[in-house]
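> Quick one: structure below, then a few questions.
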Amino acid sequence: MFYGCTKLTTAPALPATKLAEYCYWEIFEGCTSLTEAPVLPATELAESCYASMFKGCTSLTEAPVLPATVLARGCYFHMFMGCTSLTKAPELPATELASYCYCHMFDSCTSLTKAPEDLPARKLADFCYWYMFTGCTSLTKAPELPATNLAKKCYSSMFSGCTNLNYVKALFTDEPYIETTADWLSNVAPTGTFVKSKDAKWDVRGSGGIPEGWTVESDAGTSDDPQKPNPDES
């Protein structure tokens, strides 16, 4: 509808609360002068409803509130990709995910310094967070990931290229492998802290697990890094 309108500075109101498939797909893509997103009150989403909605809106500084708690396939796909002025992500309260729901959502948002506090869903969907924050070079702390079981490509490349990322808390107990976490922490900070579930028995190092050089702690606050001193031995 407004694709590539490079002089558009103000978006129209979008009051719908029940959306249809692809309804706002690419609606503001490439609107490089748009600085503020419209209010998005919808709580009933549909497949790809917001896909690429603000992709390439390089002047956008603030994201709208996204209140939906039940998501649809690809609903936020590429939504803010390339929004290089966006500094803060909205809270994402959804507890029921769908395949590709957050895929590439903040890809290449190079000014993003604050992610949501957590991504509260306990049950993951295939490709749900695939490439979600890839290339967010200003991000230092990941949202908490409380889900205990992994799904196909759920975290793959999620934080790849986040060169300053140095803190991740992920409570999955399944062993990470190429079909679930491939490159999820590739090219992050060389040192950092990884907090994993006290019930997790896996120990996988590298870009598909815990980065080499990072300290490991359990969610109970105890460290299993052999190089870190144990205060009980002081």
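For the structure tokens, the naming scheme is as follows: chains receive sequential letters (A, B, ...) according to their order of presentation, residues are indexed from 1 within each chain, and ligands are indexed from 1 in presentation order.
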How would you write, as a PyMOL selection string, the set of residues in range 150-233 of chain A that DSSP gives as strand (DSSP E)?

chain A and resi 167-170+193-196+215-218

> Find the spatial neighbours of Asp118 in chain A, counting only C-alpha atoms, within a cut-off of 8 Å - ignore same-chain residues fewer than 4 positions away - and output them as a PDB file with N, CA, C and O atoms, in the first residue's frame.


ATOM      1  N   GLU A  91       7.951  -5.623  24.260  1.00  0.00           N
ATOM      2  CA  GLU A  91       7.757  -6.885  24.961  1.00  0.00           C
ATOM      3  C   GLU A  91       6.918  -7.801  24.070  1.00  0.00           C
ATOM      4  O   GLU A  91       6.025  -7.345  23.342  1.00  0.00           O
ATOM      5  N   LEU A  92       7.189  -9.087  24.129  1.00  0.00           N
ATOM      6  CA  LEU A  92       6.510 -10.061  23.278  1.00  0.00           C
ATOM      7  C   LEU A  92       5.867 -11.116  24.182  1.00  0.00           C
ATOM      8  O   LEU A  92       6.500 -12.111  24.536  1.00  0.00           O
ATOM      9  N   PRO A 143      17.075 -12.042  25.488  1.00  0.00           N
ATOM     10  CA  PRO A 143      15.911 -12.294  26.339  1.00  0.00           C
ATOM     11  C   PRO A 143      16.014 -13.678  26.979  1.00  0.00           C
ATOM     12  O   PRO A 143      16.633 -14.586  26.409  1.00  0.00           O
ATOM     13  N   GLU A 144      15.442 -13.828  28.150  1.00  0.00           N
ATOM     14  CA  GLU A 144      15.439 -15.139  28.801  1.00  0.00           C
ATOM     15  C   GLU A 144      14.591 -16.108  27.983  1.00  0.00           C
ATOM     16  O   GLU A 144      13.506 -15.768  27.507  1.00  0.00           O
ATOM     17  N   LEU A 145      15.094 -17.338  27.851  1.00  0.00           N
ATOM     18  CA  LEU A 145      14.429 -18.371  27.057  1.00  0.00           C
ATOM     19  C   LEU A 145      14.070 -19.535  27.981  1.00  0.00           C
ATOM     20  O   LEU A 145      14.893 -20.405  28.254  1.00  0.00           O
ATOM     21  N   PRO A 146      12.825 -19.568  28.497  1.00  0.00           N
ATOM     22  CA  PRO A 146      12.470 -20.537  29.524  1.00  0.00           C
ATOM     23  C   PRO A 146      12.056 -21.917  29.017  1.00  0.00           C
ATOM     24  O   PRO A 146      11.919 -22.845  29.815  1.00  0.00           O
TER      25      PRO A 146
END

> Tell me, as an MDAnalysis selection string, which residues lie within 7 Å of range 63-77 of chain A, counting only C-alpha atoms; anything in the same chain fewer than 4 positions away does not count.

chainID A and resid 37:52 89:90 92:105

> Write out as number ranges by chain which residues come within 9 Å of Asp126 in chain A when counting only C-alpha atoms, dropping same-chain ones fewer than 3 positions away.

A: 98-100, 129-130, 150-154, 180

> How would the residues just chosen look if you wrote them out with C-alpha atoms as a PDB file, in the first residue's frame?


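Result file is part.pdb:
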ATOM      1  CA  ALA A  98       3.452 -20.911  15.427  1.00  0.00           C
ATOM      2  CA  SER A  99       6.024 -21.898  12.818  1.00  0.00           C
ATOM      3  CA  TYR A 100       8.152 -18.996  11.551  1.00  0.00           C
ATOM      4  CA  TYR A 129      12.917 -17.817  16.511  1.00  0.00           C
ATOM      5  CA  TRP A 130      14.946 -18.575  13.393  1.00  0.00           C
ATOM      6  CA  LEU A 150      13.597 -27.700  21.551  1.00  0.00           C
ATOM      7  CA  ALA A 151      11.865 -27.793  18.160  1.00  0.00           C
ATOM      8  CA  LYS A 152      13.176 -27.974  14.604  1.00  0.00           C
ATOM      9  CA  LYS A 153      15.381 -24.926  13.861  1.00  0.00           C
ATOM     10  CA  CYS A 154      13.740 -23.108  16.783  1.00  0.00           C
ATOM     11  CA  THR A 180      17.701 -27.040  16.602  1.00  0.00           C
TER      12      THR A 180
END

> If you run DSSP on the backbone here, which positions in range 18-205 of chain A get alpha helix (DSSP H)? Please write them as a ChimeraX atom specification.

/A:178-181

> Just the selected residues (N, CA and C atoms), exported as an mmCIF file, in the first residue's frame, please.


data_model
loop_
_atom_site.group_PDB
_atom_site.id
_atom_site.type_symbol
_atom_site.label_atom_id
_atom_site.label_comp_id
_atom_site.auth_asym_id
_atom_site.auth_seq_id
_atom_site.Cartn_x
_atom_site.Cartn_y
_atom_site.Cartn_z
ATOM 1 N N ILE A 178 22.492 -29.674 15.415
ATOM 2 C CA ILE A 178 22.376 -28.904 14.177
ATOM 3 C C ILE A 178 20.932 -28.648 13.765
ATOM 4 N N GLU A 179 20.011 -29.525 14.116
ATOM 5 C CA GLU A 179 18.618 -29.359 13.710
ATOM 6 C C GLU A 179 17.832 -28.395 14.599
ATOM 7 N N THR A 180 18.437 -27.922 15.686
ATOM 8 C CA THR A 180 17.701 -27.040 16.602
ATOM 9 C C THR A 180 18.420 -25.726 16.879
ATOM 10 N N THR A 181 19.739 -25.748 16.998
ATOM 11 C CA THR A 181 20.478 -24.562 17.437
ATOM 12 C C THR A 181 21.665 -24.222 16.536
#

> Which is closer to Leu112 in chain A than all the others in A:Pro190, A:Pro15, A:Gly82, A:Pro176, using only C-alpha atoms?

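Selected residue with least distance to Leu112 in chain A: A:Gly82.
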
> Which one of A:Ser157, A:Thr58, A:Thr148, A:Thr191 sits closest to Phe172 in chain A if you count only C-alpha atoms?

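Closest candidate: A:Thr148.
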
> Would you list the contacts of Val195 in chain A as number ranges by chain, taking every protein, DNA or RNA residue within 6 Å and counting only C-alpha atoms, but skipping same-chain residues closer than 6 positions in sequence?

A: 169, 216-219

> Within 8 Å of Leu185 in chain A, counting only C-alpha atoms, which residues qualify if same-chain residues fewer than 5 places away don't, as a PyMOL selection string?

chain A and resi 157-162+206-211

> Please produce a file of the residues just selected, as a PDB file, in the first residue's frame, where the atoms kept are C-alpha atoms.


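Final file, selection-v2.pdb:
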ATOM      1  CA  SER A 157      21.006 -18.470  13.852  1.00  0.00           C
ATOM      2  CA  MET A 158      18.869 -16.607  16.395  1.00  0.00           C
ATOM      3  CA  PHE A 159      21.744 -14.393  17.598  1.00  0.00           C
ATOM      4  CA  SER A 160      24.296 -14.960  14.845  1.00  0.00           C
ATOM      5  CA  GLY A 161      26.376 -11.877  14.189  1.00  0.00           C
ATOM      6  CA  CYS A 162      25.415 -10.189  17.480  1.00  0.00           C
ATOM      7  CA  GLY A 206      30.783 -23.865  19.951  1.00  0.00           C
ATOM      8  CA  SER A 207      28.408 -21.734  17.901  1.00  0.00           C
ATOM      9  CA  GLY A 208      25.663 -24.362  18.147  1.00  0.00           C
ATOM     10  CA  GLY A 209      25.869 -24.635  21.919  1.00  0.00           C
ATOM     11  CA  ILE A 210      27.771 -22.455  24.395  1.00  0.00           C
ATOM     12  CA  PRO A 211      30.482 -20.272  22.832  1.00  0.00           C
TER      13      PRO A 211
END

> I want to know what sits within 8 Å of Thr10 in chain A, based on only C-alpha atoms, with residues of the same chain fewer than 3 positions away left out; could you give that as a ChimeraX atom specification?

/A:34-37

> Given only C-alpha atoms as the basis, pick out the residue of A:Asn166, A:Thr17, A:Ser197, A:Thr32 nearest to Phe2 in chain A.

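Among the listed residues, the smallest separation from Phe2 in chain A belongs to A:Thr32.
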
> Using only C-alpha atoms for the distances, tell me which of A:Gly213, A:Gly56, A:Pro116, A:Gly192 is nearest to Gly30 in chain A.

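Of A:Gly213, A:Gly56, A:Pro116, A:Gly192, the one nearest Gly30 in chain A, counting only C-alpha atoms, is A:Gly56.
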
> Could you tell me how far CA of Lys55 in chain A lies from CA of Asp107 in chain A, in Å and to one decimal?

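Computing it gives 9.4 Å between the two atoms.
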